[in-house]
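Raw data_25.cif, mmCIF, C-alpha atoms:
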data_model
#
loop_
_atom_site.label_atom_id
_atom_site.label_comp_id
_atom_site.auth_asym_id
_atom_site.auth_seq_id
_atom_site.Cartn_x
_atom_site.Cartn_y
_atom_site.Cartn_z
CA MET A 1256 -21.78 0.00 19.00
CA SER A 1257 -19.83 -1.17 21.98
CA PRO A 1258 -16.28 0.29 22.07
CA GLN A 1259 -15.16 -2.99 23.59
CA CYS A 1260 -15.84 -4.97 20.41
CA PRO A 1261 -12.68 -5.91 18.48
CA GLN A 1262 -13.70 -3.91 15.42
CA ALA A 1263 -14.18 -0.74 17.45
CA VAL A 1264 -10.82 -1.26 19.10
CA THR A 1265 -9.32 -1.78 15.65
CA LEU A 1266 -10.43 1.66 14.56
CA GLY A 1267 -10.18 3.26 17.98
CA ARG A 1268 -7.33 4.60 20.05
CA ARG A 1269 -5.15 1.58 19.37
CA GLY A 1270 -6.65 1.01 15.96
CA LEU A 1271 -4.99 0.82 12.57
CA LEU A 1272 -1.65 1.97 13.90
CA ALA A 1273 -1.11 0.16 17.15
CA PRO A 1274 -0.39 -3.43 18.18
CA CYS A 1275 -3.99 -4.69 18.14
CA PRO A 1276 -4.19 -7.74 15.83
CA GLN A 1277 -6.65 -6.19 13.35
CA ALA A 1278 -4.74 -2.93 13.46
CA VAL A 1279 -1.53 -4.65 12.48
CA ALA A 1280 -3.39 -6.24 9.58
CA LEU A 1281 -4.40 -2.92 8.10
CA GLY A 1282 -0.99 -1.46 8.75
CA GLY A 1283 1.10 -4.40 7.58
CA ARG A 1284 3.86 -3.94 10.12
CA GLY A 1285 1.64 -1.57 12.07
CA LEU A 1286 2.04 1.68 10.22
CA LEU A 1287 4.04 3.42 12.91
CA ALA A 1288 5.94 0.42 14.21
CA PRO A 1289 9.63 1.07 14.91
CA CYS A 1290 11.78 0.83 11.81
CA PRO A 1291 14.25 -2.06 12.15
CA ARG A 1292 17.09 0.08 10.82
CA CYS A 1293 16.02 3.08 12.92
CA PRO A 1294 16.73 5.88 10.39
CA GLN A 1295 16.29 8.51 13.10
CA ALA A 1296 19.18 7.02 15.03
CA VAL A 1297 21.25 6.70 11.86
CA ALA A 1298 20.63 10.33 10.97
CA LEU A 1299 20.10 12.18 14.22
CA GLY A 1300 21.48 9.99 17.02
CA ARG A 1301 24.35 11.25 19.10
CA ARG A 1302 26.59 8.75 17.37
CA GLY A 1303 24.68 8.84 14.11
CA LEU A 1304 26.53 8.59 10.83
CA LEU A 1305 24.80 11.40 9.02
CA ALA A 1306 25.00 14.29 11.46
CA PRO A 1307 28.81 14.71 11.32
CA ALA A 1308 28.67 14.71 7.51
CA VAL A 1309 26.31 17.65 7.11
CA ALA A 1310 27.09 21.30 7.59
CA LEU A 1311 24.27 21.85 10.09
CA GLY A 1312 25.50 19.18 12.50
CA ARG A 1313 23.19 17.26 14.81
CA ARG A 1314 21.81 20.28 16.66
CA GLY A 1315 21.21 22.10 13.43
CA LEU A 1316 19.39 19.11 11.95
CA LEU A 1317 17.15 18.89 15.02
CA ALA A 1318 16.41 22.61 14.77
CA LEU A 1319 15.56 22.18 11.09
CA VAL A 1320 13.19 19.30 11.87
CA ALA A 1321 11.53 21.40 14.60
CA ARG A 1322 11.09 24.28 12.16
CA GLY A 1323 9.55 21.91 9.62
CA LEU A 1324 7.11 20.59 12.22
CA ARG A 1325 6.02 24.13 13.08
CA ALA A 1326 5.33 24.79 9.40
CA LEU A 1327 3.49 21.50 8.82
CA ARG A 1328 -0.20 21.85 7.94
CA TRP A 1329 -2.94 19.24 7.70
CA ARG A 1330 -3.70 20.28 4.12
CA SER A 1331 -0.19 19.24 3.07
CA LEU A 1332 -0.84 15.71 4.37
CA VAL A 1333 -4.20 15.25 2.63
CA LEU A 1334 -3.02 14.60 -0.93
CA PRO A 1335 -5.90 16.14 -2.96
CA ARG A 1336 -5.77 19.33 -0.88
CA ASP A 1337 -1.99 19.49 -1.16
CA LEU A 1338 -2.02 19.16 -4.96
CA ARG A 1339 -4.68 21.86 -5.28
CA HIS A 1340 -2.84 24.16 -2.86
CA ARG A 1341 0.35 23.83 -4.90
CA GLY A 1342 -1.51 24.34 -8.18
CA VAL A 1343 -0.47 21.02 -9.74
CA ALA A 1344 -3.71 19.04 -9.47
CA ALA A 1345 -4.25 19.15 -13.25
CA THR A 1346 -0.62 19.38 -14.41
CA ARG A 1347 0.17 17.06 -17.30
CA GLY A 1348 3.22 14.84 -17.11
CA HIS A 1349 3.36 15.24 -13.32
CA HIS A 1350 4.06 11.60 -12.58
CA PHE A 1351 4.07 11.98 -8.81
CA GLY A 1352 0.71 13.73 -8.88
CA SER A 1353 -1.00 11.24 -11.18
CA ASP A 1354 0.45 8.11 -9.55
CA ALA A 1355 -0.11 9.38 -6.02
CA THR A 1356 -3.71 10.28 -6.82
CA ARG A 1357 -4.44 6.79 -8.11
CA VAL A 1358 -2.91 5.18 -5.04
CA TRP A 1359 -4.70 7.64 -2.73
CA ARG A 1360 -8.05 6.82 -4.30
CA ALA A 1361 -7.43 3.09 -3.97
CA ILE A 1362 -6.51 3.49 -0.29
CA ARG A 1363 -9.55 5.71 0.36
CA ARG A 1364 -11.93 3.21 -1.25
CA PHE A 1365 -10.37 0.45 0.83
CA VAL A 1366 -10.61 2.44 4.06
CA THR A 1367 -14.19 3.45 3.27
CA SER A 1368 -15.19 -0.17 2.72
CA ILE A 1369 -13.58 -1.33 5.99
CA VAL A 1370 -14.83 1.58 8.11
CA SER A 1371 -18.38 1.10 6.82
CA LEU A 1372 -18.44 -2.37 8.37
CA TYR A 1373 -17.98 -1.02 11.90
CA TYR A 1374 -19.08 2.64 11.88
CA ARG A 1375 -22.55 2.93 10.37
CA CYS A 1376 -23.28 6.57 11.22
CA ASP A 1377 -21.62 9.74 12.52
CA ALA A 1378 -22.86 9.04 16.03
CA ASP A 1379 -20.80 5.82 16.13
CA VAL A 1380 -17.69 7.92 15.50
CA GLN A 1381 -18.61 10.67 17.96
CA GLN A 1382 -19.42 8.22 20.75
CA ASP A 1383 -16.33 6.00 20.45
CA PRO A 1384 -14.05 7.10 23.32
CA GLU A 1385 -11.15 4.91 22.19
CA LEU A 1386 -11.20 6.45 18.72
CA GLN A 1387 -11.42 10.01 20.04
CA ALA A 1388 -8.60 9.39 22.52
CA TRP A 1389 -6.42 8.00 19.70
CA VAL A 1390 -7.03 11.03 17.48
CA GLY A 1391 -6.46 13.37 20.42
CA GLU A 1392 -3.20 11.66 21.29
CA ILE A 1393 -1.93 12.07 17.73
CA PHE A 1394 -2.86 15.75 17.83
CA THR A 1395 -1.27 16.32 21.24
CA ARG A 1396 1.85 14.19 20.99
CA GLY A 1397 2.46 14.06 17.25
CA PHE A 1398 1.62 17.68 16.43
CA LEU A 1399 2.24 19.17 19.89
CA GLY A 1400 -1.34 20.40 20.21
CA ARG A 1401 -0.82 23.13 17.62
CA ARG A 1402 -4.24 24.37 16.44
CA SER A 1403 -2.51 26.26 13.65
CA SER A 1404 -1.57 22.93 12.04
CA GLY A 1405 -5.21 22.24 11.17
CA VAL A 1406 -4.81 18.64 12.36
CA PRO A 1407 -8.10 17.45 13.89
CA SER A 1408 -8.11 16.83 17.63
CA ARG A 1409 -11.35 14.83 17.42
CA LEU A 1410 -13.56 13.37 14.69
CA ASP A 1411 -17.27 14.02 14.26
CA SER A 1412 -18.22 12.06 11.15
CA VAL A 1413 -17.61 8.84 9.26
CA ARG A 1414 -16.32 10.92 6.34
CA GLY A 1415 -13.81 12.63 8.62
CA LEU A 1416 -12.67 9.26 9.96
CA VAL A 1417 -12.17 7.93 6.44
CA THR A 1418 -10.10 10.98 5.48
CA PHE A 1419 -8.03 10.74 8.67
CA VAL A 1420 -7.24 7.03 8.31
CA THR A 1421 -6.60 7.37 4.56
CA THR A 1422 -4.15 10.19 5.26
CA VAL A 1423 -2.28 8.15 7.86
CA ILE A 1424 -2.00 5.06 5.65
CA TYR A 1425 -1.07 7.07 2.55
CA THR A 1426 1.55 9.13 4.41
CA CYS A 1427 3.20 6.11 6.02
CA SER A 1428 3.24 4.05 2.82
CA ALA A 1429 2.97 5.80 -0.55
CA HIS A 1430 4.17 9.25 0.42
CA HIS A 1431 7.07 7.76 2.32
CA ALA A 1432 7.98 5.69 -0.75
CA ALA A 1433 7.89 8.78 -2.97
CA THR A 1434 10.18 10.78 -0.70
CA ASN A 1435 12.48 7.99 0.49
CA SER A 1436 13.00 5.69 -2.47
CA GLY A 1437 14.52 8.20 -4.88
CA GLN A 1438 16.84 10.07 -2.58
CA PHE A 1439 19.89 7.94 -3.35
CA GLU A 1440 19.48 8.46 -7.12
CA LEU A 1441 19.10 12.20 -6.57
CA SER A 1442 22.10 12.52 -4.26
CA ALA A 1443 24.43 10.13 -6.14
CA PHE A 1444 25.44 13.20 -8.16
CA PRO A 1445 26.72 15.34 -5.23
CA PRO A 1446 25.99 18.77 -6.79
CA ASN A 1447 22.29 17.88 -6.74
CA ALA A 1448 22.09 17.77 -2.95
CA PRO A 1449 25.41 18.49 -1.23
CA ALA A 1450 25.15 17.90 2.50
CA ALA A 1451 27.93 20.39 3.19
CA MET A 1452 29.94 22.98 1.28
CA ARG A 1453 33.60 23.87 1.64
CA ALA A 1454 33.11 27.46 0.49
CA PRO A 1455 30.42 30.08 1.14
CA PRO A 1456 27.63 30.37 -1.42
CA PRO A 1457 28.18 32.86 -4.27
CA GLN A 1458 27.20 36.44 -3.47
CA SER A 1459 26.34 37.26 -7.07
CA LYS A 1460 25.11 35.54 -10.22
CA ALA A 1461 28.46 35.86 -11.91
CA ALA A 1462 29.68 32.66 -13.53
CA LEU A 1463 31.97 30.44 -11.46
CA SER A 1464 35.03 28.75 -12.82
CA GLU A 1465 35.14 24.96 -12.77
CA ARG A 1466 37.82 25.10 -10.09
CA GLU A 1467 35.70 27.36 -7.84
CA PHE A 1468 32.75 25.03 -8.31
CA LEU A 1469 34.70 21.89 -7.44
CA GLU A 1470 36.39 23.49 -4.45
CA ALA A 1471 32.97 24.32 -2.97
CA LEU A 1472 31.69 20.75 -3.11
CA PRO A 1473 31.96 18.53 -0.03
CA ALA A 1474 35.00 16.32 0.45
CA MET A 1475 34.85 12.84 -1.02
CA ASN A 1476 34.64 11.11 2.38
CA THR A 1477 31.72 13.37 3.39
CA SER A 1478 29.81 12.53 0.22
CA ALA A 1479 30.59 8.83 0.66
CA THR A 1480 29.18 8.86 4.21
CA VAL A 1481 25.97 10.55 3.08
CA LEU A 1482 25.53 8.16 0.16
CA ALA A 1483 26.14 5.14 2.39
CA VAL A 1484 23.36 6.28 4.74
CA LEU A 1485 20.99 6.99 1.85
CA TRP A 1486 21.76 3.61 0.30
CA VAL A 1487 20.73 1.87 3.51
CA LEU A 1488 17.58 3.98 3.86
CA ARG A 1489 16.34 3.47 0.32
CA ASN A 1490 17.13 -0.25 -0.01
CA GLU A 1491 14.19 -2.62 0.20
CA PRO A 1492 14.26 -4.94 3.22
CA MET A 1493 14.60 -8.64 2.54
CA ASP A 1494 11.14 -9.24 4.01
CA MET A 1495 9.42 -6.39 2.21
CA ARG A 1496 5.63 -6.38 2.44
CA PRO A 1497 4.11 -4.31 -0.37
CA LEU A 1498 1.06 -2.18 0.26
CA GLY A 1499 -2.03 -4.34 0.70
CA ARG A 1500 -0.20 -7.53 1.67
CA TYR A 1501 -1.16 -8.74 5.15
CA PRO A 1502 0.28 -12.24 5.63
CA ASP A 1503 -0.58 -12.42 9.32
CA ARG A 1504 -4.32 -12.83 8.60
CA HIS A 1505 -5.57 -10.96 11.65
CA PHE A 1506 -8.80 -10.29 9.80
CA THR A 1507 -10.57 -13.63 9.57
CA GLU A 1508 -14.12 -12.54 8.78
CA GLY A 1509 -15.29 -12.91 5.19
CA ALA A 1510 -16.34 -9.29 4.63
CA PRO A 1511 -13.03 -7.54 5.44
CA ARG A 1512 -11.01 -10.22 3.71
CA ALA A 1513 -13.05 -9.73 0.53
CA ARG A 1514 -12.32 -6.02 0.72
CA ILE A 1515 -8.61 -6.67 1.15
CA ARG A 1516 -8.62 -8.83 -1.99
CA ARG A 1517 -10.44 -6.08 -3.88
CA PHE A 1518 -7.85 -3.56 -2.68
CA ARG A 1519 -5.04 -5.76 -3.97
CA ARG A 1520 -6.69 -6.06 -7.37
CA ARG A 1521 -6.92 -2.27 -7.65
CA LEU A 1522 -3.28 -1.93 -6.70
CA ARG A 1523 -2.26 -4.51 -9.31
CA ARG A 1524 -4.12 -2.55 -12.00
CA ILE A 1525 -2.36 0.64 -10.92
CA SER A 1526 0.98 -1.17 -11.02
CA ARG A 1527 0.40 -2.45 -14.54
CA GLY A 1528 -0.52 1.04 -15.71
CA ILE A 1529 2.56 2.64 -14.17
CA ARG A 1530 4.87 0.01 -15.64
CA ALA A 1531 3.33 0.38 -19.09
CA ARG A 1532 3.84 4.14 -18.97
CA ASN A 1533 7.38 3.85 -17.65
CA ALA A 1534 8.33 1.50 -20.47
CA ALA A 1535 7.87 4.40 -22.89
CA LEU A 1536 9.71 7.00 -20.77
CA GLU A 1537 13.36 7.94 -21.14
CA ARG A 1538 13.42 8.59 -17.37
CA PRO A 1539 10.87 6.30 -15.70
CA TYR A 1540 9.17 7.24 -12.46
CA PRO A 1541 8.83 3.95 -10.53
CA TYR A 1542 8.58 5.20 -6.95
CA LEU A 1543 4.80 4.92 -6.60
CA ASP A 1544 4.41 1.55 -8.26
CA PRO A 1545 2.36 -0.28 -5.59
CA GLU A 1546 4.62 -3.32 -5.94
CA GLY A 1547 7.45 -1.17 -4.57
CA ILE A 1548 5.53 0.63 -1.84
CA GLU A 1549 6.09 -0.73 1.64
CA ASN A 1550 3.07 -1.11 3.91
CA SER A 1551 4.66 1.32 6.35
CA VAL A 1552 7.82 3.27 7.17
CA ALA A 1553 9.62 0.01 8.02
CA ILE A 1554 12.37 0.62 5.49
#
Now that the file is in, can you turn its structure into C-alpha cells?
Amino acid sequence: MSPQCPQAVTLGRRGLLAPCPQAVALGGRGLLAPCPRCPQAVALGRRGLLAPAVALGRRGLLALVARGLRALRWRSLVLPRDLRHRGVAATRGHHFGSDATRVWRAIRRFVTSIVSLYYRCDADVQQDPELQAWVGEIFTRGFLGRRSSGVPSRLDSVRGLVTFVTTVIYTCSAHHAATNSGQFELSAFPPNAPAAMRAPPPQSKAALSEREFLEALPAMNTSATVLAVLWVLRNEPMDMRPLGRYPDRHFTEGAPRARIRRFRRRLRRISRGIRARNAALERPYPYLDPEGIENSVAI
C-alpha cells in the first residue's frame, strides 16, 4: 500500500491523533488537540491557580509529575493488562473495571474494523514509514525514549497497531473521563483529598481530637481555590462531543461510515446497561457512561 494514500496517512505518523482530516474524525477533536481551557496552565503555569494552593508548590508538582512519568509502564495503559496486574480483573462490584472493559472492547472492535480496511497484513504495518515515525515520535517525545516503560518504539503487526491505537483512544477518552469527571465530587469534602495541611501528619496511630483534626485541614480559601479549579476541569463543555460522535464527516466512504454507526450502536447499548444498573445503586457510578465520555481530553 502506498504511504501517500489518505488512509495510510490517517493511520500513519499524523494519523488518528494529528490534524489530518480522517485523523480528526477518529479523534473527534483530534485526540491530543490542545484543551481549550488548558488545564496544564491552570494547574502548573507560572501564574496558575492551583500551584499556590497546594503544599508542594509549582516546582513540587512538576517534580511529582516527572516522578510519575518515570514510573509509568505500558501495561498500566493497556486496560486488560492493567486490571490483571492489579488483581481486579474478575472483582465483582468493581464498576470502573466492568464499565471500562465494556468501553475498551467497543473501542477495540471499532479500531480493528477501521484498521482492517487499510492494513491487510503485518507487512503493510512494517513498511509504512509514516506510521513507524509516528509511533517512534510518541516513544521518544512522549515517553522520553525510556525502554523501561515498555512503550513500543515501532510496530510490527496489525494486532500491535490495533492495540496501540485502542490504547491511545481509550486513554484520551474513557480513562480520562474516569479520572477527571469524579474529582470534584471526591474533593468537595476536603478531608478526602486535602491539597495542603496546616499541621504535620500524625507520628502515631493515637486518636486525634476534633480540634487537632480541624486545625490540620487547609484554610477555607485554599480549599475554595482547589475546588474552583476542579469544578472548571470536570464541567462538560457547551459543545461536548461524546465518544463516537464525529460531526465533521471527514470519512465519506461507505465502509468506514458504516463502522462508525456500528460503534455508536454498541456505545448506546453500553450506556443503557450502565444507566439501568445505576438506577438500582445507592451510589451510582456514571463516569464511564459513553454519553458522558468526551472524544478526547478537550475538557
Discussion item. Running the PyMOL selection byres ((chain A and resi 1473) around 6) on this model by hand, what would come out? Give it as a PyMOL selection string.
Written reply: chain A and resi 1451-1453+1472+1474
Fill in: Test item: residues at most 12 Å from region 1343-1349 of chain A, only C-alpha atoms, excluding those fewer than 2 positions along its chain, as a PyMOL selection string
chain A and resi 1334-1341+1351-1356+1532-1533+1536+1538-1540
Worksheet, complete the sentence: If you count all atoms listed in the file, the residue of A:Arg1330, A:Arg1512, A:Arg1414, A:Arg1521 closest to Asp1379 (chain A) turns out to be A:Arg1414
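The closest residue to Asn1550 (chain A), picked from A:Thr1434, A:Ser1428, A:Asn1447, A:Thr1480 and counting all atoms listed in the file, is A:Ser1428.
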Discussion item. Assuming the chain letters and numbering stay as they are in my file, what does the PyMOL selection byres ((chain A and resi 1524) around 12) actually select? List them as a list of chain:residue names.
Written reply: A:Asp1354, A:Arg1357, A:Val1358, A:Ala1361, A:Arg1517, A:Phe1518, A:Arg1519, A:Arg1520, A:Arg1521, A:Leu1522, A:Arg1523, A:Ile1525, A:Ser1526, A:Arg1527, A:Gly1528, A:Ile1529, A:Arg1530, A:Ala1531, A:Asp1544, A:Pro1545, A:Glu1546
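Picture a line from CA of Leu1332 (chain A) to CA of Thr1426 (chain A); it runs 7.0 Å.
Computed from the coordinates, the CA of Pro1502 (chain A) to CA of Phe1419 (chain A) distance equals 24.6 Å.
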Discussion item. Measuring between only C-alpha atoms, which one of A:Arg1314, A:Lys1460, A:Arg1328, A:Arg1364 shows the shortest distance to Arg1514 (chain A)?
Written reply: A:Arg1364
Practice prompt. Taking (18.5, 2.8, -0.7) in the file's own coordinates, collect the residues within 10 Å, counting all atoms listed in the file, and hand them back as a ChimeraX atom specification.
Written response: /A:1435-1440,1482-1492,1554
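Put simply, CA of Ser1403 (chain A) is 17.3 Å away from CA of Val1320 (chain A).
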Discussion item. I'd like to know which of A:Val1390, A:Val1413, A:Leu1319, A:Leu1324 is closest to Ile1369 (chain A), using only C-alpha atoms.
Written reply: A:Val1413
Item to complete: For region 1325-1327 of chain A, please output as a PyMOL selection string all residues within 8 Å (counting all atoms listed in the file; exclusion window: fewer than 4 positions along the same chain).
Response: chain A and resi 1321+1331+1404
Item to complete: Could you list the residues chosen by the PyMOL selection byres ((chain A and resi 1366) around 12) in this structure as number ranges by chain?
Response: A: 1266, 1271, 1281-1282, 1359-1365, 1367-1374, 1413-1425, 1499, 1511, 1514-1515, 1517-1518
Fill in: Residue nearest Ser1408 (chain A) - candidates A:Ile1393, A:Leu1316, A:Met1495, A:Val1481, atoms counted: only C-alpha atoms
A:Ile1393
